[in-house]
file run.txt (compact mmCIF, C-alpha atoms)
# COMPACT_ATOMS: atom_id res chain seq x y z
CA THR A 1 -8.04 1.35 -4.45
CA TYR A 2 -4.38 1.32 -3.72
CA GLU A 3 -1.67 -0.60 -1.93
CA SER A 4 1.19 1.26 -0.35
CA CYS A 5 4.81 0.35 -0.96
CA MET A 6 8.16 1.54 0.29
CA ALA A 7 10.63 3.05 -2.09
CA ARG A 8 13.72 2.36 0.02
CA LEU A 9 16.03 2.92 -2.90
CA PHE A 10 15.76 6.66 -2.23
CA LEU A 11 17.57 8.71 0.39
CA GLN A 12 15.54 8.74 3.62
CA GLY A 13 13.00 6.46 1.97
CA ARG A 14 9.52 7.38 0.89
CA THR A 15 6.28 5.69 0.02
CA GLU A 16 4.48 5.23 -3.25
CA THR A 17 1.13 3.76 -4.12
CA ILE A 18 0.53 0.67 -6.18
CA ARG A 19 -2.56 0.86 -8.34
CA THR A 20 -4.02 -2.59 -7.77
CA VAL A 21 -6.84 -2.49 -10.31
CA CYS A 22 -5.62 -3.12 -13.84
CA GLU A 23 -6.93 -4.66 -17.04
CA GLU A 24 -5.48 -8.03 -16.06
CA SER A 25 -7.09 -8.11 -12.60
CA CYS A 26 -10.44 -7.02 -14.06
CA ALA A 27 -10.23 -9.77 -16.70
CA PHE A 28 -9.59 -12.35 -13.98
CA VAL A 29 -12.52 -11.18 -11.83
CA ARG A 30 -14.88 -11.19 -14.83
CA ALA A 31 -13.75 -14.73 -15.71
CA LEU A 32 -14.11 -15.89 -12.10
CA GLU A 33 -17.69 -14.62 -12.02
CA ASN A 34 -18.52 -16.35 -15.33
CA PRO A 35 -19.29 -20.08 -14.90
CA ASP A 36 -18.73 -20.65 -18.63
CA VAL A 37 -15.00 -19.81 -18.38
CA PRO A 38 -12.94 -22.99 -17.83
CA ALA A 39 -10.83 -23.18 -14.66
CA VAL A 40 -7.62 -23.44 -16.69
CA GLU A 41 -8.39 -20.09 -18.34
CA GLN A 42 -9.34 -18.54 -14.99
CA GLN A 43 -6.02 -19.74 -13.56
CA ARG A 44 -4.13 -18.30 -16.54
CA LEU A 45 -5.84 -14.95 -16.01
CA LEU A 46 -5.08 -15.07 -12.27
CA ARG A 47 -1.39 -15.62 -13.03
CA ALA A 48 -1.40 -12.79 -15.59
CA ALA A 49 -2.97 -10.45 -13.00
CA GLY A 50 -0.39 -11.50 -10.40
CA GLU A 51 2.49 -10.95 -12.83
CA ARG A 52 1.17 -7.49 -13.75
CA HIS A 53 0.82 -6.59 -10.07
CA GLN A 54 4.39 -7.71 -9.36
CA ARG A 55 5.70 -5.70 -12.32
CA TYR A 56 3.87 -2.55 -11.23
CA THR A 57 5.06 -3.06 -7.64
CA ARG A 58 8.68 -3.19 -8.79
CA GLU A 59 8.14 -0.08 -10.93
CA ALA A 60 6.52 1.83 -8.04
CA MET A 61 9.32 0.83 -5.64
CA ALA A 62 11.86 2.14 -8.14
CA GLY A 63 10.14 5.53 -8.42
CA GLY A 64 7.98 4.72 -11.43
CA GLY A 65 4.66 5.28 -9.67
CA VAL A 66 2.54 8.33 -10.41
CA ASP A 67 0.77 9.24 -7.18
CA ARG A 68 3.62 10.82 -5.24
CA HIS A 69 4.68 12.76 -8.33
CA LEU A 70 1.15 14.11 -8.74
CA PHE A 71 0.99 14.99 -5.05
CA GLY A 72 4.33 16.81 -5.33
CA LEU A 73 3.04 18.82 -8.28
CA TYR A 74 -0.12 19.61 -6.31
CA VAL A 75 1.89 20.87 -3.30
CA VAL A 76 4.07 23.07 -5.53
CA ALA A 77 1.04 24.44 -7.41
CA ALA A 78 -0.78 25.20 -4.14
CA GLY A 79 2.34 26.85 -2.71
CA MET A 80 2.63 29.06 -5.77
CA GLY A 81 -1.08 29.89 -5.79
CA ILE A 82 -1.67 28.09 -9.09
CA ASP A 83 -5.07 26.47 -9.51
CA SER A 84 -4.83 23.20 -11.44
CA PRO A 85 -8.21 21.64 -12.29
CA PHE A 86 -6.44 18.44 -13.39
CA LEU A 87 -4.55 18.02 -10.11
CA ASN A 88 -7.58 19.00 -8.05
CA LYS A 89 -9.64 16.31 -9.76
CA ALA A 90 -6.89 13.68 -9.77
CA LEU A 91 -6.28 14.05 -6.06
CA SER A 92 -9.90 14.41 -4.95
CA TYR A 93 -10.95 10.79 -5.48
CA LYS A 94 -11.73 8.89 -2.30
CA TRP A 95 -9.62 5.84 -1.59
CA ASN A 96 -12.26 3.40 -0.39
CA LEU A 97 -9.82 0.52 -0.09
CA SER A 98 -6.36 0.98 1.34
CA THR A 99 -4.22 -2.16 1.55
CA SER A 100 -0.68 -2.96 2.51
CA GLN A 101 1.41 -5.91 3.53
CA VAL A 102 2.58 -5.70 7.12
CA PRO A 103 5.64 -7.90 7.65
CA PRO A 104 5.18 -10.14 10.69
CA ARG A 105 8.90 -10.19 11.38
CA GLN A 106 11.53 -7.67 10.59
CA THR A 107 14.51 -9.63 11.84
CA VAL A 108 16.98 -11.91 10.12
CA LYS A 109 15.67 -15.46 9.70
CA ASN A 110 18.56 -17.09 11.54
CA THR A 111 17.54 -15.19 14.69
CA TRP A 112 14.12 -16.86 14.82
CA PRO A 113 13.70 -19.55 17.49
CA ASN A 114 14.52 -23.11 16.43
CA ASP A 115 15.08 -22.07 12.79
CA ASP A 116 11.32 -21.48 12.51
CA GLN A 117 10.16 -20.42 9.07
CA GLY A 118 6.90 -18.89 10.24
CA ASP A 119 4.92 -22.01 11.05
CA VAL A 120 5.50 -22.03 14.82
CA TYR A 121 6.40 -18.56 16.10
CA TYR A 122 4.59 -15.75 14.40
CA SER A 123 2.93 -12.45 15.03
CA PRO A 124 0.04 -11.03 13.04
CA SER A 125 1.53 -7.54 13.50
CA GLY A 126 -0.76 -4.54 13.40
CA GLY A 127 -3.05 -2.76 11.05
CA PHE A 128 -4.26 0.67 10.08
CA GLY A 129 -7.54 2.47 9.64
CA PRO A 130 -9.43 3.39 6.50
CA VAL A 131 -8.42 6.56 4.68
CA SER A 132 -12.02 7.52 3.88
CA ASP A 133 -15.14 7.41 6.02
CA GLU A 134 -16.81 4.96 3.63
CA GLY A 135 -13.76 2.77 3.18
CA TYR A 136 -11.66 -0.02 4.59
CA GLY A 137 -8.09 -0.37 5.78
CA VAL A 138 -6.77 -3.86 5.09
CA SER A 139 -3.34 -5.02 6.12
CA TYR A 140 -2.19 -8.52 5.36
CA ALA A 141 0.78 -10.76 5.99
CA ILE A 142 1.96 -13.97 4.39
CA VAL A 143 3.60 -16.02 7.12
CA GLY A 144 5.51 -19.10 6.07
CA GLU A 145 3.93 -21.42 3.54
CA ASN A 146 0.67 -22.10 5.35
CA ARG A 147 -0.61 -18.95 7.00
CA LEU A 148 -2.20 -15.66 5.99
CA PHE A 149 -3.19 -12.84 8.32
CA PHE A 150 -5.66 -10.07 7.57
CA HIS A 151 -6.48 -7.03 9.67
CA VAL A 152 -9.62 -5.27 8.40
CA SER A 153 -10.86 -1.98 9.79
CA SER A 154 -13.74 0.30 8.96
CA LYS A 155 -15.69 2.99 10.72
CA ARG A 156 -18.74 1.87 12.68
CA SER A 157 -20.28 5.28 12.11
CA THR A 158 -20.80 4.41 8.43
CA ALA A 159 -23.64 1.99 7.78
CA ALA A 160 -22.25 1.10 4.34
CA THR A 161 -19.18 -0.65 5.76
CA SER A 162 -18.78 -3.75 7.88
CA SER A 163 -15.38 -5.21 8.70
CA SER A 164 -16.84 -8.63 9.49
CA ARG A 165 -18.72 -8.71 6.17
CA PHE A 166 -15.52 -7.69 4.37
CA VAL A 167 -13.60 -10.52 6.09
CA ASP A 168 -16.30 -12.97 4.93
CA GLU A 169 -15.73 -11.73 1.37
CA ILE A 170 -11.96 -12.19 1.70
CA PHE A 171 -12.52 -15.79 2.78
CA ARG A 172 -14.96 -16.34 -0.08
CA ALA A 173 -12.42 -14.97 -2.57
CA LEU A 174 -9.66 -17.18 -1.17
CA LYS A 175 -11.92 -20.23 -1.42
CA ASP A 176 -12.84 -19.29 -5.00
CA ILE A 177 -9.16 -19.00 -5.95
CA HIS A 178 -8.41 -22.32 -4.26
CA ALA A 179 -11.25 -23.95 -6.20
CA VAL A 180 -9.96 -22.51 -9.49
CA ASN A 181 -6.45 -23.81 -8.85
CA ALA A 182 -7.73 -27.24 -7.74
CA ALA A 183 -10.00 -27.57 -10.78
CA ALA A 184 -7.30 -26.37 -13.19
CA THR A 185 -4.77 -28.78 -11.72
CA ALA A 186 -7.27 -31.66 -11.90
CA SER A 187 -8.08 -30.93 -15.55
CA GLU A 188 -4.38 -30.75 -16.44
CA THR A 189 -3.69 -34.18 -14.92
CA ARG A 190 -6.49 -35.89 -16.87

call {"tool": "encode", "arguments": {"input": "run.txt", "output": "structure tokens"}}
result
Amino acid sequence: TYESCMARLFLQGRTETIRTVCEESCAFVRALENPDVPAVEQQRLLRAAGERHQRYTREAMAGGGVDRHLFGLYVVAAGMGIDSPFLNKALSYKWNLSTSQVPPRQTVKNTWPNDDQGDVYYSPSGGFGPVSDEGYGVSYAIVGENRLFFHVSSKRSTAATSSSRFVDEIFRALKDIHAVNAAATASETR
């Protein structure tokens, strides 16, 4: 799975991919699925996964990602007629989950009506399709302090995918995270 990001620090911009699965995110998911792990520990692991994701996002935006470099090497090798088993394998994996944040507003805040901060006037923006036949395209937006938008797409021609089922799983995950944070906060105030 990957999340796209812009690398606007570079002339004419470019994109890079953020590898969203890491040791920290896996540790959090395992803890979330284990009822014996206390909520405080689950919350700590969630924060660690979020911090790792933010760090990798900053690195990818600054040119420290690997995917565009690998693709560039692949294009050069193909153009020179060089067969690279490593690059062929590295770039042949299917991306079954493609995610990206889609900003709901791309204007300066002081131009929004009535100094709105996203709670009154908002737009869920658009989305994008999956990059593999068996996958999903998921765009999301965080709007203000109280609103999230998700746009989930998949191909109807593939029986293995269902956008509505995927949305149900997003809601379940959000409820699970809310429950972890509520339980951890409650145990800390005791």

call {"tool": "residues_around", "arguments": {"input": "run.txt", "residues": "region 67-77 of chain A", "least_positions_apart": "4", "cutoff": "12 Å", "atoms": "all atoms listed in the file", "output": "list in words"}}
result
Tyr2, Glu3, Ser4, Cys5, Met6, Ala7, Arg14, Thr15, Glu16, Thr17, Ile18, Arg19, Ala60, Met61, Gly63, Gly81, Ile82, Asp83, Ser84, Pro85, Phe86, Leu87, Asn88, Lys89, Ala90, Leu91, Ser92 and Tyr93 of chain A

call {"tool": "closest_residue", "arguments": {"input": "run.txt", "among": "A:Gly50, A:Gln43, A:Gly127, A:Val152", "to": "His178 (chain A)", "atoms": "only C-alpha atoms"}}
result
A:Gln43

call {"tool": "residues_around", "arguments": {"input": "run.txt", "residues": "Thr20 (chain A)", "least_positions_apart": "6", "cutoff": "12 Å", "atoms": "all atoms listed in the file", "output": "list in words"}}
result
Thr1, Tyr2, Glu3, Ser4, Cys5, Cys26, Ala49, Gly50, Glu51, Arg52, His53, Gln54, Arg55, Tyr56, Thr57, Ala60, Gly65, Trp95, Leu97, Ser98, Thr99 and Ser100 of chain A

call {"tool": "atom_distance", "arguments": {"input": "run.txt", "atom1": "CA of Thr161 (chain A)", "atom2": "CA of Tyr136 (chain A)"}}
result
7.6 Å

call {"tool": "closest_residue", "arguments": {"input": "run.txt", "among": "A:Cys22, A:Val131, A:Val167, A:Leu9", "to": "Asn96 (chain A)", "atoms": "only C-alpha atoms"}}
result
A:Val131

call {"tool": "closest_residue", "arguments": {"input": "run.txt", "among": "A:Arg30, A:Arg44, A:Lys94, A:Arg165", "to": "Ser132 (chain A)", "atoms": "only C-alpha atoms"}}
result
A:Lys94

call {"tool": "residues_around", "arguments": {"input": "run.txt", "residues": "Arg156 (chain A)", "least_positions_apart": "4", "cutoff": "10 Å", "atoms": "only C-alpha atoms", "output": "list in words"}}
result
Asp133, Glu134, Ala160, Thr161, Ser162 and Ser163 of chain A

call {"tool": "residues_around", "arguments": {"input": "run.txt", "residues": "Gly129 (chain A)", "least_positions_apart": "4", "cutoff": "7 Å", "atoms": "all atoms listed in the file", "output": "PyMOL selection string"}}
result
chain A and resi 136-137+153-154

call {"tool": "atom_distance", "arguments": {"input": "run.txt", "atom1": "CA of Arg47 (chain A)", "atom2": "CA of Thr189 (chain A)"}}
result
18.8 Å

call {"tool": "atom_distance", "arguments": {"input": "run.txt", "atom1": "CA of Glu188 (chain A)", "atom2": "CA of Gln42 (chain A)"}}
result
13.3 Å

call {"tool": "closest_residue", "arguments": {"input": "run.txt", "among": "A:Val40, A:Val66, A:Leu45, A:Ala183", "to": "Phe28 (chain A)", "atoms": "all atoms listed in the file"}}
result
A:Leu45
